[in-house]
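For reference, the structure is listed below as structure tokens.
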Amino acid sequence: MDNTERILRDFRSIAVVGLSRDPSKAAHAIPARMQRAGFRVIPVNPNIESALGETSYASLADVPFSVEVVNVFRPSAEAAGIAKAAAAIGAKALWLQQGIVSEEARRIAEAAGMLYVEDRCMGVERAVHSISKT
């Protein structure tokens, strides 16, 4: 089993860094699909108070409970910093959405023992593997 399938099968909570309020953007539509499939989606965006019926947090460090997966909808240049924040909160996996790649983020995640995926769409992979938590 590759990391994409393992993450989707083994974990339920997903902190989405860069989740958008705009339903026309992938950074809203994909997390919404994940939520409908039974995953707990935690918005992380300092510019919004809530999304998808959940409180939004300004940073990963502000999330007051354990997060298993950090899903990134931010530019590649920000990925290493997000990887460091994910490691600091003890996340089990770091997933960079389609179009986002970072060798530095990969090194940080792997050094912290996190499963790592980059340049893959979480929503597409969930559908391909027919994974639902409902």
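For the structure tokens, the naming scheme is as follows: chains receive sequential letters (A, B, ...) according to their order of presentation, residues are indexed from 1 within each chain, and ligands are indexed from 1 in presentation order.
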(request) Tell me, as JSON, numbers by chain, which residues lie within 7 Å of range 20-34 of chain A, counting only C-alpha atoms; anything in the same chain fewer than 5 positions away does not count. (result) {"A": [39, 41, 51, 52, 73, 123]}
Within 9 Å of Ser13 in chain A using only C-alpha atoms, minus same-chain residues under 3 positions, as a compact mmCIF listing (two decimals) with C-alpha atoms, in the first residue's frame:
```
# COMPACT_ATOMS: atom_id res chain seq x y z
CA PHE A 39 -13.28 12.77 7.38
CA ARG A 40 -12.97 15.46 10.05
CA VAL A 41 -11.77 18.59 8.28
CA ILE A 42 -10.16 21.34 10.37
CA SER A 66 -4.56 16.27 17.92
CA VAL A 67 -4.36 16.36 14.13
CA GLU A 68 -3.37 13.28 12.14
CA VAL A 69 -2.93 14.66 8.62
CA VAL A 70 -1.91 18.13 7.44
```
(request) Can you work out which one of A:Arg126, A:Ser76, A:Ala87, A:Arg120 has the shortest atom-to-atom distance to Glu104 in chain A, counting only C-alpha atoms? (result)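 Of A:Arg126, A:Ser76, A:Ala87, A:Arg120, the one nearest Glu104 in chain A, counting only C-alpha atoms, is A:Ser76.
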(request) Would you mind telling me which residue in A:Trp95, A:Ser56, A:Val124, A:Ala88 lies nearest to Ala112 in chain A when using only C-alpha atoms? (result) A:Ala88
(request) Find the residues around Ala79 in chain A up to 7 Å (only C-alpha atoms counted), leave out those fewer than 4 positions away in its own chain, and share them as a PyMOL selection string. (result) chain A and resi 75+83+102+105
Take the residues from that selection and put them in a file with C-alpha atoms, as a PDB file, in the first residue's frame.
```
ATOM      1  CA  PRO A  75       2.277  27.653  -2.595  1.00  0.00           C
ATOM      2  CA  ALA A  83       6.133  20.856   7.338  1.00  0.00           C
ATOM      3  CA  SER A 102       9.023  20.693  -1.995  1.00  0.00           C
ATOM      4  CA  ALA A 105       9.229  19.727   3.074  1.00  0.00           C
TER       5      ALA A 105
END
```
(request) Give the strand (DSSP E or B) residues of chain A, as assigned by DSSP on the backbone, as number ranges by chain. (result) A: 13-17, 40-44, 50-51, 54-55, 57, 69-72, 93-96, 115-117
(request) Write out as a list in words each polymer residue whose atoms come within 12 Å of Thr4 in chain A, counting only C-alpha atoms; drop sequence neighbours fewer than 3 positions from it. (result)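 Residues meeting the cut-off are Met1, Ile7, Leu8, Arg9, Asp10, Phe11, Val69, Asn71, Ala93, Leu94, Trp95, Leu96, Gln97, Leu115, Tyr116, Val117, Glu118, Asp119, Arg120, Cys121, Met122, Gly123, Val124, Glu125, Arg126, Ala127, Val128, His129 and Ile131 of chain A.
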(request) Find the spatial neighbours of Val17 in chain A, counting only C-alpha atoms, within a cut-off of 8 Å - ignore same-chain residues fewer than 4 positions away - and output them as a list in words. (result)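 The neighbour list is Pro43, Val44, Asn45, Ser59, Leu60, Val70, Asn71, Val72, Phe73 and Arg74 of chain A.
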Please produce a file of those selected residues containing C-alpha atoms, as a short mmCIF file (atom, residue, chain, number, x, y, z; two decimals), in the first residue's frame.
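Okay, part.cif is ready:
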```cif
data_model
loop_
_atom_site.label_atom_id
_atom_site.label_comp_id
_atom_site.auth_asym_id
_atom_site.auth_seq_id
_atom_site.Cartn_x
_atom_site.Cartn_y
_atom_site.Cartn_z
CA PRO A 43 -9.71 24.65 8.54
CA VAL A 44 -6.39 26.43 9.09
CA ASN A 45 -6.57 29.92 7.64
CA SER A 59 -2.08 28.26 12.47
CA LEU A 60 -1.48 24.58 13.12
CA VAL A 70 -1.91 18.13 7.44
CA ASN A 71 -3.19 18.82 3.92
CA VAL A 72 -1.59 21.82 2.20
CA PHE A 73 -3.30 24.21 -0.22
CA ARG A 74 -0.55 26.86 -0.15
#
```
(message) Taking only C-alpha atoms into account, name the residue in A:Glu110, A:Ile82, A:Ile89, A:Asn3 that is nearest to Val16 in chain A.
(response)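 For Val16 in chain A, the nearest of the given residues is A:Ile82.
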(message) Could you check the closest approach to Phe65 in chain A for each of A:Ile48, A:Ala77, A:Ile14, A:Ile100 and tell me which residue wins, using only C-alpha atoms?
(response) A:Ile14
(message) Under the rule that only C-alpha atoms are counted, which of A:Glu49, A:Ala58, A:Asp2, A:Ala109 is the nearest residue to Gly81 in chain A?
(response)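 Residue with the minimum atom-to-atom distance to Gly81 in chain A: A:Ala109.
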(message) Between CA of Ala111 in chain A and CA of Pro64 in chain A, what distance in Å does the model show, to one decimal?
(response)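 Rounded to one decimal, the two atoms are 24.1 Å apart.
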(request) Would you mind reading off the distance between CA of Ala61 in chain A and CA of Arg12 in chain A, one decimal, in Å? (result)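 So the answer is 18.9 Å.
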(request) For CA of Gln35 in chain A and CA of Lys133 in chain A, determine how far apart the two atoms are, in Å to one decimal place. (result) 9.2 Å
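Closest approach to Ala37 in chain A among A:Ala91, A:Ser130, A:Tyr57, A:Ile108: A:Ser130, based on only C-alpha atoms.
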